[in-house]
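So this one's model-v2.cif, mmCIF, C-alpha atoms:
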data_final
#
loop_
_atom_site.group_PDB
_atom_site.id
_atom_site.type_symbol
_atom_site.label_atom_id
_atom_site.label_comp_id
_atom_site.auth_asym_id
_atom_site.auth_seq_id
_atom_site.Cartn_x
_atom_site.Cartn_y
_atom_site.Cartn_z
ATOM 1 C CA MET A 903 -12.027 -8.281 11.616
ATOM 2 C CA SER A 904 -15.489 -7.314 12.844
ATOM 3 C CA LYS A 905 -18.566 -7.951 10.721
ATOM 4 C CA GLN A 906 -19.137 -4.199 10.308
ATOM 5 C CA VAL A 907 -15.537 -3.599 9.149
ATOM 6 C CA LYS A 908 -15.813 -6.514 6.690
ATOM 7 C CA GLN A 909 -19.069 -5.104 5.347
ATOM 8 C CA LYS A 910 -17.574 -1.616 4.879
ATOM 9 C CA LEU A 911 -14.494 -3.075 3.176
ATOM 10 C CA SER A 912 -16.704 -5.122 0.889
ATOM 11 C CA GLN A 913 -18.793 -2.058 -0.001
ATOM 12 C CA ARG A 914 -15.652 0.001 -0.612
ATOM 13 C CA ILE A 915 -14.180 -2.676 -2.860
ATOM 14 C CA GLU A 916 -17.392 -2.804 -4.879
ATOM 15 C CA LYS A 917 -17.183 0.960 -5.560
ATOM 16 C CA GLU A 918 -13.498 1.418 -6.423
ATOM 17 C CA VAL A 919 -12.419 1.568 -10.047
ATOM 18 C CA ILE A 920 -9.134 -0.220 -10.616
ATOM 19 C CA ASN A 921 -8.141 0.997 -14.020
ATOM 20 C CA GLU A 922 -9.648 4.194 -15.371
ATOM 21 C CA THR A 923 -7.591 4.049 -18.555
ATOM 22 C CA SER A 924 -8.713 0.537 -19.436
ATOM 23 C CA SER A 925 -11.112 0.154 -22.347
ATOM 24 C CA GLU A 926 -13.422 -1.803 -20.097
ATOM 25 C CA THR A 927 -14.342 -0.443 -16.693
ATOM 26 C CA ARG A 928 -13.616 -2.945 -13.949
ATOM 27 C CA THR A 929 -14.216 -2.528 -10.244
ATOM 28 C CA LEU A 930 -11.663 -3.342 -7.595
ATOM 29 C CA SER A 931 -13.746 -6.331 -6.612
ATOM 30 C CA ALA A 932 -13.216 -7.810 -10.079
ATOM 31 C CA LYS A 933 -9.574 -8.359 -9.153
ATOM 32 C CA VAL A 934 -10.403 -9.890 -5.790
ATOM 33 C CA GLU A 935 -11.778 -13.412 -6.054
ATOM 34 C CA LYS A 936 -15.466 -13.245 -5.262
ATOM 35 C CA THR A 937 -17.084 -15.577 -2.798
ATOM 36 C CA ARG A 938 -20.757 -16.449 -2.673
ATOM 37 C CA GLY A 939 -23.025 -15.445 0.163
ATOM 38 C CA ARG A 940 -22.911 -12.565 2.561
ATOM 39 C CA ASN A 941 -19.787 -13.596 4.417
ATOM 40 C CA LYS A 942 -16.965 -12.493 2.161
ATOM 41 C CA SER A 943 -13.486 -12.656 3.531
ATOM 42 C CA TYR A 944 -10.246 -11.280 2.198
ATOM 43 C CA LEU A 945 -6.674 -11.875 3.261
ATOM 44 C CA ILE A 946 -4.806 -8.585 3.345
ATOM 45 C CA ASP A 947 -1.361 -7.334 4.342
ATOM 46 C CA LEU A 948 -1.265 -3.561 4.510
ATOM 47 C CA ARG A 949 2.404 -3.185 5.352
ATOM 48 C CA ILE A 950 4.658 -4.699 2.703
ATOM 49 C CA HIS A 951 8.170 -3.254 2.511
ATOM 50 C CA SER A 952 10.192 -3.213 -0.698
ATOM 51 C CA PRO A 953 13.913 -2.746 -1.415
ATOM 52 C CA SER A 954 13.294 0.991 -0.907
ATOM 53 C CA SER A 955 13.308 0.344 2.830
ATOM 54 C CA LEU A 956 16.750 0.357 4.378
ATOM 55 C CA GLY A 957 17.852 -3.011 5.612
ATOM 56 C CA TYR A 958 15.882 -4.885 2.953
ATOM 57 C CA LEU A 959 17.832 -7.724 1.371
ATOM 58 C CA ASN A 960 19.126 -6.421 -1.963
ATOM 59 C CA LEU A 961 19.409 -8.993 -4.721
ATOM 60 C CA ASP A 962 21.605 -7.338 -7.339
ATOM 61 C CA GLY A 963 20.357 -7.815 -10.881
ATOM 62 C CA ILE A 964 17.063 -9.431 -9.857
ATOM 63 C CA ASP A 965 13.806 -7.505 -10.155
ATOM 64 C CA THR A 966 12.063 -8.355 -6.903
ATOM 65 C CA ALA A 967 8.817 -6.511 -7.772
ATOM 66 C CA PRO A 968 7.276 -9.506 -9.593
ATOM 67 C CA ALA A 969 8.570 -11.743 -6.791
ATOM 68 C CA LEU A 970 6.695 -9.667 -4.188
ATOM 69 C CA VAL A 971 3.476 -10.025 -6.169
ATOM 70 C CA ARG A 972 3.996 -13.774 -6.710
ATOM 71 C CA LEU A 973 4.754 -14.285 -3.014
ATOM 72 C CA ALA A 974 1.551 -12.464 -2.047
ATOM 73 C CA LYS A 975 -0.396 -14.716 -4.404
ATOM 74 C CA VAL A 976 1.303 -17.867 -3.069
ATOM 75 C CA LYS A 977 0.444 -16.770 0.483
ATOM 76 C CA GLY A 978 -3.188 -16.434 -0.599
ATOM 77 C CA LEU A 979 -3.323 -12.670 -0.076
ATOM 78 C CA ASP A 980 -6.054 -10.749 -1.908
ATOM 79 C CA VAL A 981 -4.829 -7.231 -1.135
ATOM 80 C CA ILE A 982 -1.388 -5.840 -0.269
ATOM 81 C CA ALA A 983 -0.180 -2.307 0.353
ATOM 82 C CA VAL A 984 3.391 -1.318 -0.502
ATOM 83 C CA THR A 985 4.358 0.925 2.405
ATOM 84 C CA ASP A 986 7.983 1.945 2.731
ATOM 85 C CA TYR A 987 9.314 4.599 5.087
ATOM 86 C CA TYR A 988 9.146 7.867 3.118
ATOM 87 C CA ALA A 989 9.954 6.102 -0.164
ATOM 88 C CA VAL A 990 7.966 5.501 -3.340
ATOM 89 C CA ASP A 991 10.755 4.645 -5.790
ATOM 90 C CA TYR A 992 9.861 0.975 -5.919
ATOM 91 C CA LEU A 993 6.095 1.429 -5.818
ATOM 92 C CA GLU A 994 5.547 1.862 -9.576
ATOM 93 C CA ARG A 995 7.500 -1.332 -10.280
ATOM 94 C CA VAL A 996 5.304 -3.324 -7.903
ATOM 95 C CA LEU A 997 2.126 -1.748 -9.313
ATOM 96 C CA GLU A 998 3.250 -2.663 -12.835
ATOM 97 C CA ALA A 999 4.186 -6.201 -11.776
ATOM 98 C CA GLY A 1000 0.720 -6.653 -10.297
ATOM 99 C CA GLN A 1001 -1.310 -5.380 -13.261
ATOM 100 C CA ASN A 1002 -2.243 -8.839 -14.536
ATOM 101 C CA SER A 1003 -2.421 -10.441 -11.118
ATOM 102 C CA SER A 1004 -5.410 -11.242 -8.957
ATOM 103 C CA VAL A 1005 -3.625 -9.481 -6.076
ATOM 104 C CA VAL A 1006 -4.824 -5.910 -5.509
ATOM 105 C CA ILE A 1007 -1.931 -3.539 -4.775
ATOM 106 C CA LEU A 1008 -2.526 -0.337 -2.837
ATOM 107 C CA PRO A 1009 0.044 2.475 -2.855
ATOM 108 C CA GLY A 1010 1.145 3.692 0.528
ATOM 109 C CA VAL A 1011 3.892 5.102 2.697
ATOM 110 C CA VAL A 1012 4.883 4.785 6.341
ATOM 111 C CA VAL A 1013 5.345 7.997 8.316
ATOM 112 C CA ARG A 1014 6.769 8.245 11.813
ATOM 113 C CA CYS A 1015 5.757 11.242 13.890
ATOM 114 C CA GLN A 1016 5.588 12.632 17.387
ATOM 115 C CA VAL A 1017 2.242 13.073 19.109
ATOM 116 C CA GLU A 1018 2.011 14.527 22.616
ATOM 117 C CA GLY A 1019 5.560 13.602 23.574
ATOM 118 C CA CYS A 1020 5.481 10.088 22.126
ATOM 119 C CA ASP A 1021 7.972 9.925 19.238
ATOM 120 C CA ASP A 1022 7.106 6.412 18.161
ATOM 121 C CA VAL A 1023 3.773 6.952 16.420
ATOM 122 C CA VAL A 1024 3.867 5.140 13.091
ATOM 123 C CA LEU A 1025 1.206 5.909 10.497
ATOM 124 C CA SER A 1026 0.555 3.660 7.524
ATOM 125 C CA CYS A 1027 -0.862 6.051 4.932
ATOM 126 C CA LEU A 1028 -2.803 4.196 2.242
ATOM 127 C CA PHE A 1029 -4.094 5.502 -1.062
ATOM 128 C CA PRO A 1030 -6.686 4.252 -3.554
ATOM 129 C CA GLU A 1031 -5.324 1.767 -6.039
ATOM 130 C CA SER A 1032 -5.578 4.299 -8.855
ATOM 131 C CA ALA A 1033 -3.521 6.941 -6.987
ATOM 132 C CA GLY A 1034 -0.015 5.802 -7.961
ATOM 133 C CA SER A 1035 3.253 7.178 -6.695
ATOM 134 C CA GLN A 1036 2.509 10.810 -7.586
ATOM 135 C CA SER A 1037 -0.092 11.040 -4.785
ATOM 136 C CA VAL A 1038 2.328 9.535 -2.287
ATOM 137 C CA ARG A 1039 5.056 11.973 -3.362
ATOM 138 C CA ALA A 1040 2.596 14.870 -2.951
ATOM 139 C CA LEU A 1041 1.916 13.772 0.641
ATOM 140 C CA LEU A 1042 5.644 13.560 1.380
ATOM 141 C CA ARG A 1043 6.136 17.084 -0.033
ATOM 142 C CA ALA A 1044 3.229 18.378 2.078
ATOM 143 C CA LEU A 1045 4.830 16.802 5.156
ATOM 144 C CA LYS A 1046 8.164 18.430 4.196
ATOM 145 C CA VAL A 1047 10.017 15.115 4.259
ATOM 146 C CA PRO A 1048 13.581 15.661 2.970
ATOM 147 C CA ALA A 1049 15.149 13.367 0.362
ATOM 148 C CA HIS A 1050 17.700 12.056 2.881
ATOM 149 C CA ALA A 1051 14.855 10.519 4.931
ATOM 150 C CA ARG A 1052 13.950 8.115 2.100
ATOM 151 C CA GLY A 1053 13.800 4.575 3.466
ATOM 152 C CA ARG A 1054 14.822 5.588 6.998
ATOM 153 C CA HIS A 1055 12.652 4.248 9.785
ATOM 154 C CA ASP A 1056 14.374 6.524 12.326
ATOM 155 C CA TYR A 1057 13.315 9.816 10.663
ATOM 156 C CA ILE A 1058 10.517 11.640 12.538
ATOM 157 C CA VAL A 1059 8.242 14.126 10.759
ATOM 158 C CA ASP A 1060 8.540 17.422 12.601
ATOM 159 C CA LEU A 1061 5.043 18.841 12.141
ATOM 160 C CA ALA A 1062 2.093 19.265 14.458
ATOM 161 C CA PHE A 1063 -0.609 16.734 13.625
ATOM 162 C CA GLU A 1064 -3.583 18.547 15.086
#
Just give me the structure as structure tokens.
Amino acid sequence: MSKQVKQKLSQRIEKEVINETSSETRTLSAKVEKTRGRNKSYLIDLRIHSPSSLGYLNLDGIDTAPALVRLAKVKGLDVIAVTDYYAVDYLERVLEAGQNSSVVILPGVVVRCQVEGCDDVVLSCLFPESAGSQSVRALLRALKVPAHARGRHDYIVDLAFE
């Protein structure tokens, strides 16, 4: 990551509010372990898939949301984004599982579209931490994604992206 990108990320993290309903106002950076000096670094994974994605190993009777958060922490990740193909069903569970964790969880969704004849353009759409699943659902409605596309990596959004 370039120095300029790191600096912008650091500035963005300093400004974000992580929990508007909390009695005490905390910034997003409060959840990310701070380092001293100018050179802050964060480990991030902005494309985490959940059981909402087809083909994901389903463990019947086991809530894998806390496991995803624990695994991110064990891997030393500071920030993850839950980004399934056209699906947000599992997102709230992961957000809830991460409430008391040092791992910052960003809501997101993966969208596949066609641009100038190329039908393999994959967009990872990320939202502020406070957005929740309702913002992701609103985007999917605006893109006219049908319910049957939920979790399908082969569905292509049929809209012009100009």
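The space separating CA of Ile1058 in chain A from CA of Asp1022 in chain A comes to 8.4 Å.
We find CA of Asp991 in chain A and CA of Asp1056 in chain A to be spaced 18.6 Å apart.
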Expressed in Å to a single decimal, how great is the separation between CA of Asp947 in chain A and CA of Glu1018 in chain A? 28.7 Å
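When the PyMOL selection byres ((chain A and resi 988) around 8) is evaluated against the file, it yields A:Asp986, A:Tyr987, A:Ala989, A:Val990, A:Val1011, A:Val1012, A:Val1013, A:Leu1042, A:Val1047, A:Ala1051, A:Arg1052, A:Gly1053, A:Arg1054.
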Could you write those residues out with C-alpha atoms, as a tab-separated table (two decimals), in the coordinates of the input?
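In the end it all went to again.tsv:
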chain	number	residue	atom	x	y	z
A	986	ASP	CA	7.98	1.94	2.73
A	987	TYR	CA	9.31	4.60	5.09
A	989	ALA	CA	9.95	6.10	-0.16
A	990	VAL	CA	7.97	5.50	-3.34
A	1011	VAL	CA	3.89	5.10	2.70
A	1012	VAL	CA	4.88	4.78	6.34
A	1013	VAL	CA	5.34	8.00	8.32
A	1042	LEU	CA	5.64	13.56	1.38
A	1047	VAL	CA	10.02	15.12	4.26
A	1051	ALA	CA	14.86	10.52	4.93
A	1052	ARG	CA	13.95	8.12	2.10
A	1053	GLY	CA	13.80	4.58	3.47
A	1054	ARG	CA	14.82	5.59	7.00
Picked residues, the PyMOL selection byres ((chain A and resi 964-973) around 8), expected as an MDAnalysis selection string: chainID A and resid 952 961:963 974:977 992 995:996 999:1000 1003 1005
Non-local contacts of Val1023 in chain A (6 Å; all atoms listed in the file; under 2 positions in same chain excluded) as a ChimeraX atom specification: /A:1014-1015,1021
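Here the question is which of A:Asp1060, A:Ala983, A:Ile946, A:Gly978 gets nearest to Leu1028 in chain A using only C-alpha atoms, and that residue is A:Ala983.
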Once the PyMOL selection byres ((chain A and resi 984) around 7) has been evaluated on this model, what residues remain selected, and can you format them as a PyMOL selection string? chain A and resi 949-951+982-983+985-986+993+1008-1010
Between A:Leu1061, A:Val981, A:Glu1031, A:Gly1019, which has the minimum distance to Glu998 in chain A (counting only C-alpha atoms)? A:Glu1031
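Closest approach to Pro1030 in chain A among A:Lys1046, A:Val1006, A:His1055, A:Pro953: A:Val1006, based on only C-alpha atoms.
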Which residue out of A:Ser1026, A:Gln1001, A:Ser1032, A:Gln1016 has the minimum interatomic distance to Tyr1057 in chain A when only C-alpha atoms are used? A:Gln1016
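Shortest atom-to-atom contact with Glu994 in chain A among A:Leu948, A:Val1038, A:Cys1020, A:Leu1045: A:Val1038, counting only C-alpha atoms.
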